[in-house]
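Asks: Just so it is clear, I am handing over coords_25.pdb, which has PDB, C-alpha atoms.
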ATOM      1  CA  MET A   1      60.793-119.910   8.206
ATOM      2  CA  THR A   2      58.309-122.504   9.392
ATOM      3  CA  GLU A   3      56.571-124.034   6.373
ATOM      4  CA  SER A   4      54.638-126.746   8.249
ATOM      5  CA  THR A   5      52.477-124.407  10.331
ATOM      6  CA  PRO A   6      50.260-122.046   8.338
ATOM      7  CA  SER A   7      49.623-118.541   9.558
ATOM      8  CA  SER A   8      46.527-117.827  11.587
ATOM      9  CA  ILE A   9      46.037-114.674   9.492
ATOM     10  CA  PRO A  10      44.509-115.428   6.075
ATOM     11  CA  ARG A  11      45.894-113.454   3.150
ATOM     12  CA  TRP A  12      42.448-112.208   2.131
ATOM     13  CA  LEU A  13      42.066-110.544   5.544
ATOM     14  CA  TYR A  14      45.476-108.876   5.191
ATOM     15  CA  ILE A  15      44.524-107.569   1.741
ATOM     16  CA  LEU A  16      41.090-106.437   2.954
ATOM     17  CA  LEU A  17      42.619-104.502   5.845
ATOM     18  CA  ALA A  18      45.292-102.996   3.580
ATOM     19  CA  ILE A  19      43.350-102.091   0.437
ATOM     20  CA  GLY A  20      39.692-102.749   1.068
ATOM     21  CA  LEU A  21      39.515-100.427   4.041
ATOM     22  CA  PRO A  22      42.383 -97.976   3.430
ATOM     23  CA  LEU A  23      40.799 -95.016   5.155
ATOM     24  CA  ALA A  24      39.824 -97.066   8.179
ATOM     25  CA  THR A  25      42.858 -99.334   8.594
ATOM     26  CA  GLY A  26      45.298 -99.446   5.672
ATOM     27  CA  LEU A  27      46.968 -96.080   5.999
ATOM     28  CA  TYR A  28      47.288 -96.545   9.744
ATOM     29  CA  GLY A  29      49.229 -99.811   9.425
ATOM     30  CA  ILE A  30      46.595-101.950  11.146
ATOM     31  CA  HIS A  31      47.077-104.708   8.548
ATOM     32  CA  ASN A  32      50.762-104.981   9.509
ATOM     33  CA  LEU A  33      50.015-105.024  13.223
ATOM     34  CA  VAL A  34      47.459-107.817  12.723
ATOM     35  CA  ALA A  35      49.926-109.843  10.633
ATOM     36  CA  GLY A  36      52.697-109.499  13.213
ATOM     37  CA  TYR A  37      54.814-106.857  11.466
ATOM     38  CA  THR A  38      54.936-104.610  14.502
ATOM     39  CA  GLU A  39      57.802-102.387  13.348
ATOM     40  CA  LYS A  40      56.250-101.646   9.948
ATOM     41  CA  GLY A  41      52.847-101.124  11.544
ATOM     42  CA  VAL A  42      54.213 -98.607  14.044
ATOM     43  CA  GLN A  43      56.110 -96.809  11.251
ATOM     44  CA  GLN A  44      52.933 -96.470   9.203
ATOM     45  CA  LEU A  45      50.981 -95.352  12.255
ATOM     46  CA  PHE A  46      53.603 -92.690  12.995
ATOM     47  CA  CYS A  47      53.736 -91.480   9.364
ATOM     48  CA  THR A  48      49.965 -91.218   9.212
ATOM     49  CA  GLY A  49      49.945 -89.318  12.508
ATOM     50  CA  VAL A  50      52.452 -86.817  11.112
ATOM     51  CA  LEU A  51      50.332 -86.457   7.981
ATOM     52  CA  LEU A  52      47.220 -85.824  10.064
ATOM     53  CA  VAL A  53      49.013 -83.097  12.016
ATOM     54  CA  THR A  54      50.234 -81.420   8.813
ATOM     55  CA  THR A  55      46.741 -81.681   7.329
ATOM     56  CA  ILE A  56      45.216 -80.004  10.381
ATOM     57  CA  ALA A  57      47.926 -77.341  10.244
ATOM     58  CA  GLY A  58      47.234 -77.032   6.517
ATOM     59  CA  VAL A  59      43.772 -75.705   7.292
ATOM     60  CA  PHE A  60      45.484 -72.603   8.683
ATOM     61  CA  LEU A  61      48.650 -72.601   6.540
ATOM     62  CA  ILE A  62      48.798 -73.558   2.869
ATOM     63  CA  PHE A  63      52.380 -74.922   2.853
ATOM     64  CA  PRO A  64      51.883 -77.932   5.218
ATOM     65  CA  LEU A  65      48.747 -78.910   3.285
ATOM     66  CA  CYS A  66      50.798 -79.035   0.082
ATOM     67  CA  LEU A  67      53.204 -81.443   1.810
ATOM     68  CA  SER A  68      50.515 -83.732   3.207
ATOM     69  CA  ILE A  69      48.804 -84.528  -0.120
ATOM     70  CA  PRO A  70      51.899 -86.210  -1.669
ATOM     71  CA  GLY A  71      52.486 -87.864   1.698
ATOM     72  CA  TYR A  72      49.061 -89.500   1.619
ATOM     73  CA  LEU A  73      49.691 -90.654  -1.954
ATOM     74  CA  ALA A  74      53.037 -92.152  -0.908
ATOM     75  CA  MET A  75      51.396 -93.954   2.024
ATOM     76  CA  PHE A  76      48.706 -95.327  -0.281
ATOM     77  CA  VAL A  77      51.344 -96.642  -2.723
ATOM     78  CA  TRP A  78      53.212 -98.222   0.231
ATOM     79  CA  VAL A  79      50.023 -99.988   1.358
ATOM     80  CA  ILE A  80      49.185-101.224  -2.167
ATOM     81  CA  TYR A  81      52.738-102.548  -2.623
ATOM     82  CA  GLU A  82      52.609-104.444   0.673
ATOM     83  CA  ALA A  83      49.192-105.921  -0.084
ATOM     84  CA  CYS A  84      50.488-107.234  -3.409
ATOM     85  CA  THR A  85      53.795-108.643  -2.168
ATOM     86  CA  VAL A  86      53.390-109.851   1.430
ATOM     87  CA  THR A  87      52.651-113.596   1.582
ATOM     88  CA  GLU A  88      53.981-114.418   5.063
ATOM     89  CA  ASP A  89      53.102-113.158   8.507
ATOM     90  CA  GLY A  90      55.576-111.545  10.909
ATOM     91  CA  GLN A  91      56.741-114.978  12.131
ATOM     92  CA  GLY A  92      57.545-116.246   8.625
ATOM     93  CA  ARG A  93      54.498-118.496   8.292
ATOM     94  CA  ARG A  94      52.813-118.577   4.915
ATOM     95  CA  MET A  95      49.396-116.912   4.849
ATOM     96  CA  PRO A  96      46.733-119.277   3.482
TER
END
Output the structure of this file as structure tokens.

Replies:
Amino acid sequence: MTESTPSSIPRWLYILLAIGLPLATGLYGIHNLVAGYTEKGVQQLFCTGVLLVTTIAGVFLIFPLCLSIPGYLAMFVWVIYEACTVTEDGQGRRMP
């Protein structure tokens, strides 16, 4: 971890992307991609994509829709947890 060089990503921006704009960026993992957490960002993007497909399928079938609602809640909890606990960017630099 490099303590001497601060991150170029301010913490307030990370929190804003995660919680402040959850429908636009948070659930899609954009906040992790911006902060340098590529793997987590891609995982969230994939999970949200799967949820979107099940939601669209849920318009025609009730069962997939029942699965997607708890999935969205789980993604939202994941995003809130990250916004509250992440203090470093993907390179280990502390976010100012």

Asks: So how many Å separate atom CA of Trp78 of chain A and atom CA of Gly36 of chain A, to one decimal?

Replies: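 Pair atom CA of Trp78 of chain A / atom CA of Gly36 of chain A returns 17.2 Å.
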
Asks: Find the distance between atom CA of Arg94 of chain A and atom CA of Thr5 of chain A and write it in Å to one decimal.

Replies: 8.0 Å

Asks: If you measure from atom CA of Cys84 of chain A to atom CA of Phe46 of chain A, what distance in Å do you get, rounded to one decimal?

Replies: 22.1 Å

Asks: I'd like the neighbourhood of segment 6-8 of chain A as a list in words, where a residue qualifies if any of its atoms comes within 10 Å (using only C-alpha atoms), though same-chain residues fewer than 4 positions away should be ignored.

Replies: Thr2, Ala35, Thr87, Glu88, Asp89, Gly90, Gln91, Gly92, Arg93, Arg94, Met95 and Pro96 of chain A

Asks: Excluding Gln44 of chain A and its own-chain neighbours fewer than 2 positions away, which residues fall within 12 Å of it when counting only C-alpha atoms? Please give them as a PyMOL selection string.

Replies: chain A and resi 18+25-33+37-42+46-51+71-72+74-76+78-79+82

Asks: Considering only C-alpha atoms, can you say which of A:Ala57, A:Leu52, A:Leu17, A:Val86 comes closest to Val34 of chain A?

Replies: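 Going through A:Ala57, A:Leu52, A:Leu17, A:Val86 one by one, the smallest distance to Val34 of chain A is for A:Leu17.
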
Asks: A:Ile9, A:Leu45, A:Leu67, A:Ile15: which is nearest Tyr81 of chain A, counting only C-alpha atoms?

Replies: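 For Tyr81 of chain A, the nearest of the candidates is A:Ile15.
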
Asks: Looking at all atoms listed in the file, which of A:Ile69, A:Val53, A:Ala83, A:Gln43 is the one that sits closest to Gly20 of chain A?

Replies: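 Under the stated criterion, the closest residue is A:Ala83.
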
Asks: Would you give the centre and edge lengths, in Å to one decimal, of a box along x, y and z around the listed atoms of segment 82-85 of chain A, with 5 Å added to each side, as lines of an AutoDock Vina configuration file?

Replies:
center_x = 51.5
center_y = -106.5
center_z = -1.4
size_x = 14.6
size_y = 14.2
size_z = 14.1
